[in-house]
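Asks: Enclosed is the structure file upload_23.cif (mmCIF, C-alpha atoms).
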data_entry
loop_
_atom_site.label_atom_id
_atom_site.label_comp_id
_atom_site.auth_asym_id
_atom_site.auth_seq_id
_atom_site.Cartn_x
_atom_site.Cartn_y
_atom_site.Cartn_z
CA ARG A 827 2.99 -29.98 -25.35
CA VAL A 828 0.98 -27.39 -23.46
CA GLY A 829 3.84 -26.47 -21.14
CA TRP A 830 6.19 -25.45 -23.97
CA GLY A 831 3.63 -23.29 -25.76
CA TYR A 832 2.65 -21.58 -22.54
CA THR A 833 6.28 -20.94 -21.64
CA ARG A 834 6.89 -19.24 -25.04
CA GLN A 835 3.88 -16.97 -24.47
CA VAL A 836 5.15 -16.04 -21.03
CA GLN A 837 8.66 -15.39 -22.30
CA ALA A 838 7.27 -12.96 -24.88
CA ALA A 839 5.70 -10.95 -22.08
CA ARG A 840 8.81 -10.72 -19.97
CA MET A 841 10.62 -7.61 -18.90
CA PRO A 842 11.45 -5.01 -21.54
CA PRO A 843 15.10 -4.95 -22.68
CA LYS A 844 17.52 -2.78 -20.76
CA ARG A 845 17.59 0.77 -21.93
CA LYS A 846 20.77 2.67 -22.50
CA ALA A 847 21.88 4.49 -19.36
CA ALA A 848 20.18 7.84 -19.20
CA THR A 849 22.19 11.01 -19.36
CA ARG A 850 22.40 12.93 -16.13
CA PRO A 851 19.43 15.28 -15.72
CA ALA A 852 19.74 18.97 -15.02
CA LYS A 853 20.43 19.77 -11.39
CA ARG A 854 17.36 20.51 -9.28
CA ASN A 855 17.11 22.21 -5.91
CA VAL A 856 18.99 19.47 -4.09
CA ARG A 857 22.65 18.87 -3.37
CA THR A 858 24.57 17.56 -6.38
CA LYS A 859 25.58 13.90 -6.18
CA ALA A 860 28.19 12.01 -8.12
CA ILE A 861 26.29 9.18 -9.77
CA ASP A 862 28.48 8.06 -12.68
CA GLY A 863 30.60 5.27 -11.27
CA ALA A 864 30.25 6.54 -7.70
CA SER A 865 30.65 4.04 -4.90
CA VAL A 866 27.88 3.69 -2.31
CA SER A 867 28.51 5.65 0.87
CA SER A 868 30.21 3.63 3.59
CA GLU A 869 28.04 5.31 6.25
CA PRO A 870 25.63 3.78 6.89
CA ALA A 871 26.62 0.24 5.91
CA VAL A 872 25.36 -0.99 2.55
CA TRP A 873 21.70 -1.93 2.66
CA THR A 874 20.00 -4.91 1.00
CA VAL A 875 16.85 -5.28 -1.09
CA ALA A 876 14.58 -7.61 0.89
CA ARG A 877 11.42 -7.58 -1.22
CA LEU A 878 10.13 -6.16 -4.51
CA GLY A 879 6.53 -5.68 -5.59
CA ALA A 880 4.22 -4.30 -8.25
CA LYS A 881 0.46 -4.38 -8.88
CA SER A 882 -1.20 -3.81 -12.24
CA LYS A 883 -4.33 -1.78 -12.87
CA GLN A 884 -6.13 -4.95 -13.94
CA GLN A 885 -5.20 -6.78 -10.74
CA ARG A 886 -6.24 -3.82 -8.61
CA LYS A 887 -9.61 -3.73 -10.39
CA ALA A 888 -10.07 -7.48 -9.89
CA GLU A 889 -9.46 -6.98 -6.17
CA HIS A 890 -12.25 -4.37 -5.95
CA GLY A 891 -10.29 -1.23 -6.78
CA ASP A 892 -10.28 1.30 -3.94
CA ARG A 893 -11.24 -1.49 -1.52
CA SER A 894 -8.27 -3.65 -2.50
CA ARG A 895 -5.31 -4.24 -0.22
CA GLN A 896 -2.23 -2.16 -0.93
CA THR A 897 0.04 -5.19 -0.79
CA LYS A 898 1.72 -5.61 -4.17
CA THR A 899 2.52 -8.84 -5.98
CA PRO A 900 6.00 -10.14 -5.06
CA CYS A 901 8.49 -9.74 -7.90
CA GLY A 902 11.96 -11.14 -8.38
CA ARG A 903 13.07 -8.13 -10.39
CA LEU A 904 11.91 -4.58 -11.15
CA ALA A 905 12.69 -2.28 -14.04
CA LEU A 906 12.75 1.26 -12.64
CA ARG A 907 11.68 3.77 -15.27
CA ARG A 908 11.06 7.48 -14.97
CA GLU A 909 7.37 6.91 -15.63
CA GLY A 910 7.07 4.09 -13.09
CA VAL A 911 7.86 0.48 -12.25
CA VAL A 912 7.59 -2.74 -14.27
CA GLY A 913 7.90 -5.98 -12.33
CA GLU A 914 8.74 -9.58 -13.20
CA ALA A 915 6.54 -11.89 -11.14
CA SER A 916 6.14 -15.66 -11.09
CA VAL A 917 3.18 -16.98 -13.07
CA ASN A 918 2.69 -19.53 -10.32
CA PRO A 919 4.43 -18.78 -7.01
CA ASN A 920 4.60 -22.43 -5.98
CA PHE A 921 7.78 -24.50 -6.22
CA LEU A 922 7.10 -25.80 -9.75
CA GLY A 923 6.44 -22.30 -11.11
CA ARG A 924 9.68 -20.98 -9.64
CA LEU A 925 11.61 -24.03 -10.83
CA LEU A 926 10.46 -23.59 -14.45
CA GLY A 927 11.11 -19.85 -14.28
CA MET A 928 7.69 -18.93 -15.68
CA THR A 929 7.17 -15.20 -15.20
CA HIS A 930 4.93 -12.44 -16.41
CA ARG A 931 5.24 -8.67 -16.71
CA VAL A 932 3.48 -6.46 -14.13
CA LYS A 933 3.21 -2.75 -14.89
CA ASP A 934 2.72 -1.05 -11.53
CA TYR A 935 -0.31 1.21 -11.15
CA ASN A 936 -1.12 3.87 -8.57
CA SER A 937 -4.56 5.44 -8.84
CA TYR A 938 -3.74 8.44 -6.64
CA ARG A 939 -0.64 9.29 -8.64
CA SER A 940 -2.51 8.83 -11.93
CA ARG A 941 -5.32 11.21 -10.90
CA GLY A 942 -3.10 13.83 -9.29
CA HIS A 943 -3.94 16.06 -6.34
CA ALA A 944 -4.78 19.74 -6.79
CA GLY A 945 -2.23 21.93 -5.03
CA ARG A 946 0.12 19.01 -4.31
CA PHE A 947 1.18 17.25 -7.50
CA GLU A 948 0.20 16.88 -11.15
CA ALA A 949 -1.41 13.74 -12.54
CA GLY A 950 1.17 11.16 -13.52
CA THR A 951 4.04 13.01 -11.86
CA ASN A 952 7.43 11.30 -12.10
CA ASP A 953 8.23 12.45 -8.55
CA ARG A 954 6.10 9.53 -7.29
CA ALA A 955 7.39 6.81 -9.60
CA VAL A 956 8.72 4.45 -6.90
CA MET A 957 7.92 3.80 -3.24
CA VAL A 958 10.66 2.60 -0.88
CA THR A 959 10.16 1.35 2.70
CA SER A 960 12.50 -0.05 5.36
CA MET A 961 12.24 -3.28 7.35
CA ALA A 962 12.67 -1.14 10.46
CA ALA A 963 9.32 0.50 9.72
CA TYR A 964 7.60 -2.89 9.90
CA ASP A 965 9.43 -3.61 13.14
CA GLU A 966 8.11 -0.35 14.61
CA LEU A 967 4.53 -1.08 13.52
CA ARG A 968 4.56 -4.68 14.78
CA SER A 969 6.00 -3.62 18.11
CA ALA A 970 3.40 -0.86 18.55
CA ILE A 971 0.36 -2.95 17.62
CA GLY A 972 1.25 -5.64 20.16
CA ALA A 973 2.54 -9.21 20.12
CA GLU A 974 -0.92 -10.74 19.65
CA HIS A 975 -1.58 -8.97 16.36
CA ALA A 976 1.97 -8.43 15.07
CA PRO A 977 2.00 -11.70 13.04
CA LEU A 978 -0.91 -10.38 10.95
CA ILE A 979 1.34 -7.67 9.46
CA GLU A 980 3.18 -9.03 6.45
CA ASP A 981 6.06 -7.50 4.53
CA GLY A 982 4.55 -5.56 1.64
CA ASP A 983 1.41 -4.45 3.51
CA LEU A 984 2.49 -0.79 3.43
CA GLY A 985 2.31 -0.84 -0.36
CA GLU A 986 5.98 -0.36 -1.23
CA ASN A 987 7.71 -1.31 -4.46
CA ILE A 988 11.07 -1.78 -2.76
CA LEU A 989 11.63 -2.99 0.80
CA LEU A 990 15.13 -2.34 2.16
CA ARG A 991 16.90 -4.05 5.04
CA GLY A 992 19.14 -1.55 6.80
CA PRO A 993 17.71 2.00 6.86
CA SER A 994 16.17 3.40 10.04
CA ALA A 995 12.39 3.63 10.25
CA THR A 996 12.08 7.41 10.49
CA ALA A 997 13.53 10.34 8.61
CA SER A 998 16.67 12.25 9.35
CA GLU A 999 16.43 15.99 9.86
CA ARG A 1000 18.45 16.69 6.74
CA ALA A 1001 19.88 14.89 3.73
CA GLY A 1002 23.50 13.87 4.05
CA ASP A 1003 23.69 12.55 7.61
CA GLY A 1004 23.56 8.86 6.67
CA ARG A 1005 19.79 8.38 6.97
CA LEU A 1006 16.95 8.75 4.50
CA ALA A 1007 15.45 12.21 4.03
CA VAL A 1008 13.84 14.27 1.28
CA GLY A 1009 16.69 15.07 -1.09
CA SER A 1010 18.63 11.84 -0.46
CA TRP A 1011 19.94 10.02 -3.54
CA LEU A 1012 20.03 6.21 -3.50
CA ARG A 1013 21.87 3.70 -5.61
CA ILE A 1014 19.63 0.62 -5.82
CA GLY A 1015 20.71 -2.12 -8.18
CA SER A 1016 21.74 -0.38 -11.40
CA SER A 1017 19.40 2.58 -10.85
CA VAL A 1018 19.59 5.85 -8.94
CA LEU A 1019 16.59 7.32 -7.09
CA GLU A 1020 16.00 10.68 -5.44
CA VAL A 1021 13.72 10.81 -2.39
CA THR A 1022 11.06 13.45 -3.05
CA GLU A 1023 8.50 12.98 -0.27
CA ALA A 1024 7.68 11.06 2.91
CA ASN A 1025 4.55 9.10 2.01
CA ASN A 1026 1.26 9.59 3.84
CA PRO A 1027 -0.89 6.77 5.29
CA CYS A 1028 -3.98 5.79 3.31
CA TYR A 1029 -7.57 4.87 4.18
CA ARG A 1030 -7.02 1.60 2.29
CA PHE A 1031 -5.07 0.35 5.29
CA ASN A 1032 -8.53 -0.49 6.61
CA THR A 1033 -8.62 -3.41 4.14
CA GLN A 1034 -5.67 -5.11 5.83
CA PRO A 1035 -6.24 -8.12 8.16
CA TRP A 1036 -4.69 -6.17 11.05
CA ALA A 1037 -6.88 -3.06 10.57
CA ALA A 1038 -9.37 -4.02 13.30
CA ALA A 1039 -6.56 -4.33 15.84
CA ALA A 1040 -5.11 -0.99 14.72
CA LYS A 1041 -8.50 0.70 15.02
CA GLU A 1042 -9.01 -0.75 18.48
CA ARG A 1043 -5.60 0.49 19.63
CA TRP A 1044 -5.50 3.92 18.00
CA GLY A 1045 -9.02 4.74 16.76
CA SER A 1046 -10.34 6.48 19.89
CA GLY A 1047 -7.35 8.82 20.01
CA SER A 1048 -7.49 9.89 16.38
CA PRO A 1049 -8.49 13.55 15.81
CA ASP A 1050 -10.21 12.51 12.56
CA GLY A 1051 -12.23 9.59 13.93
CA PRO A 1052 -11.63 5.85 14.30
CA GLU A 1053 -11.61 5.15 10.53
CA LYS A 1054 -8.45 7.27 10.34
CA TRP A 1055 -6.78 5.59 13.28
CA PHE A 1056 -3.40 6.24 11.63
CA ARG A 1057 -3.81 9.94 12.54
CA ASN A 1058 -3.41 9.12 16.22
CA LEU A 1059 -0.22 10.78 17.47
CA LYS A 1060 0.88 7.48 19.04
CA CYS A 1061 0.50 5.46 15.86
CA PRO A 1062 3.83 4.87 14.03
CA LEU A 1063 2.08 5.53 10.71
CA ASN A 1064 1.31 9.15 11.68
CA ASN A 1065 3.41 10.89 9.05
CA GLU A 1066 3.58 14.22 10.88
CA HIS A 1067 5.28 12.72 13.93
CA PHE A 1068 7.03 9.71 12.37
CA PRO A 1069 7.90 10.73 8.78
CA GLY A 1070 9.27 7.83 6.79
CA VAL A 1071 7.57 4.93 8.58
CA ARG A 1072 4.96 4.73 5.83
CA GLY A 1073 7.77 4.89 3.28
CA TRP A 1074 9.36 7.24 0.79
CA LEU A 1075 8.28 8.37 -2.66
CA CYS A 1076 11.06 8.73 -5.21
CA ARG A 1077 11.77 9.87 -8.74
CA VAL A 1078 14.08 7.86 -10.99
CA VAL A 1079 17.25 9.81 -11.73
CA GLU A 1080 18.97 7.01 -13.61
CA GLU A 1081 16.90 4.16 -15.03
CA GLY A 1082 17.96 0.61 -14.31
CA GLU A 1083 16.97 -2.73 -12.80
CA VAL A 1084 16.96 -4.14 -9.30
CA ALA A 1085 16.63 -7.71 -8.01
CA VAL A 1086 15.93 -9.15 -4.59
CA GLY A 1087 19.24 -9.37 -2.72
CA ASP A 1088 20.86 -6.44 -4.53
CA ALA A 1089 22.86 -3.88 -2.58
CA ALA A 1090 21.57 -0.35 -2.00
CA GLY A 1091 22.86 2.71 -0.23
CA LEU A 1092 23.07 6.48 -0.08
CA LEU A 1093 25.22 8.27 -2.62
CA PRO A 1094 27.76 10.60 -1.04
CA ASP A 1095 27.78 14.37 -1.45
CA ASP A 1096 30.31 15.86 -3.79
#
What do you get writing this file as structure tokens?

Replies:
Amino acid sequence: RVGWGYTRQVQAARMPPKRKAATRPAKRNVRTKAIDGASVSSEPAVWTVARLGAKSKQQRKAEHGDRSRQTKTPCGRLALRREGVVGEASVNPNFLGRLLGMTHRVKDYNSYRSRGHAGRFEAGTNDRAVMVTSMAAYDELRSAIGAEHAPLIEDGDLGENILLRGPSATASERAGDGRLAVGSWLRIGSSVLEVTEANNPCYRFNTQPWAAAAKERWGSGSPDGPEKWFRNLKCPLNNEHFPGVRGWLCRVVEEGEVAVGDAAGLLPDD
């Protein structure tokens, strides 16, 4: 029967087996955290993984490359590796596909990270392996763009791999005060991440269905012209004034897996 043969092919392409827990890396220029068996900080309250996503190089190319939307394919589970993210996505997202559990492997691809940026980061850097965003960031963006256009903004449109319910939208002034900041360490699922950078907005936001509304609202006030409407000081995606709304780039300190619904939270200082 066709269904059984197809299912065996899909199963062969599923997520790679769990790797042995990585040894703790040498300390970098951040505060030391206790990660082996440490409990998640009680302040703030434990957060929850609301959405996971990944997009392969092949899918990005099929969607017209640099003109493709940044929204990643929804995944039920991610393997977080030092070199990047591998997702497990439904072959068919309809009810039957989910019922039969047919999935395929999605190796996440980021063109900007792969090419590198002179003076900022090397090609393929592990400091940009995972992108994390908060639900509060979407709330801020929907509120700012107005009630008429807010429904056009869907979870995942900012291009994150992991969407968390719980963290505030913007950065804290320093790591260790219960909010996300560069230098924060996060326990997410069975993995540990270190926040390395507040992510910048991207011109590919202009491919989103809500881009015209954003350009109308913020384009005329942008110092770099209407196509870079996200540079307007009043736009929540302006990284200089609202760091963290676009999301956070992270390196993987301890490899592991994460599923939708898993708990997440800041690791306490020693």

Asks: Excluding same-chain residues fewer than 5 positions from segment 982-986 of chain A, what lies within 9 Å of it counting only C-alpha atoms, as a list in words?

Replies: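 The residues that qualify are Arg877, Leu878, Gly879, Ala880, Arg895, Gln896, Thr897, Lys898, Thr899, Pro900, Val956, Met957, Val958, Thr959, Tyr964, Pro1027, Phe1031, Gln1034, Arg1072, Gly1073 and Trp1074 of chain A.
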
Asks: Atom CA of Leu967 of chain A to atom CA of Phe1068 of chain A: how many Å, to one decimal?

Replies: 11.1 Å

Asks: Report the distance between atom CA of Ala1024 of chain A and atom CA of Ser994 of chain A in Å, rounded to one decimal place.

Replies: 13.5 Å

Asks: Find the residue from A:Tyr935, A:Thr874, A:Asp981, A:Glu909 that sits nearest to Arg886 of chain A; use only C-alpha atoms when measuring.

Replies: A:Tyr935

Asks: Closest to Pro1052 of chain A among A:Pro993, A:Asn1032, A:Glu1066, A:Leu1093, using all atoms listed in the file?

Replies: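 Answer, going by the shortest atom-to-atom distance: A:Asn1032.
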
Asks: I need the residue set behind the PyMOL selection byres ((chain A and resi 876) around 8) for this file; please write it as a tab-separated table (two decimals) with C-alpha atoms, keeping the file's coordinate frame.

Replies:
chain	number	residue	atom	x	y	z
A	874	THR	CA	20.00	-4.91	1.00
A	875	VAL	CA	16.85	-5.28	-1.09
A	877	ARG	CA	11.42	-7.58	-1.22
A	878	LEU	CA	10.13	-6.16	-4.51
A	988	ILE	CA	11.07	-1.78	-2.76
A	989	LEU	CA	11.63	-2.99	0.80
A	990	LEU	CA	15.13	-2.34	2.16
A	991	ARG	CA	16.90	-4.05	5.04
A	1086	VAL	CA	15.93	-9.15	-4.59
A	1087	GLY	CA	19.24	-9.37	-2.72

Asks: Which residues fall under the PyMOL selection byres ((chain A and resi 970) around 12) in this file, as a list in words?

Replies: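 Applying the expression gives Ala963, Tyr964, Asp965, Glu966, Leu967, Arg968, Ser969, Ile971, Gly972, Ala973, Glu974, His975, Ala976, Ile979, Ala1039, Ala1040, Arg1043, Trp1044, Lys1060, Cys1061, Pro1062 and Leu1063 of chain A.
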
Asks: Hey, can you check how far atom CA of Leu906 of chain A sits from atom CA of Val1084 of chain A?

Replies: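 Pair atom CA of Leu906 of chain A / atom CA of Val1084 of chain A returns 7.6 Å.
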
Asks: On this structure, which residues satisfy the PyMOL selection byres ((chain A and resi 910) around 12), written as a count of residues only?

Replies: 36

Asks: Between A:Asn1026, A:Pro1094, A:Thr996, A:Ala1037, which residue has the minimum interatomic distance to Asn1064 of chain A, considering only C-alpha atoms?

Replies: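 Nearest candidate to Asn1064 of chain A out of A:Asn1026, A:Pro1094, A:Thr996, A:Ala1037: A:Asn1026.
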
Asks: Identify which of the residues A:Arg1030, A:Arg1057, A:Gly1051, A:Asn1065 lies closest to His890 of chain A, counting only C-alpha atoms when measuring atom-to-atom distances.

Replies: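 Among the listed residues, A:Arg1030 lies closest to His890 of chain A.
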
Asks: Find the residue from A:Ala997, A:Ser1016, A:Leu1006, A:Val917 that sits nearest to Asp1088 of chain A; use all atoms listed in the file when measuring.

Replies: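 Smallest separation from Asp1088 of chain A among the options: A:Ser1016.
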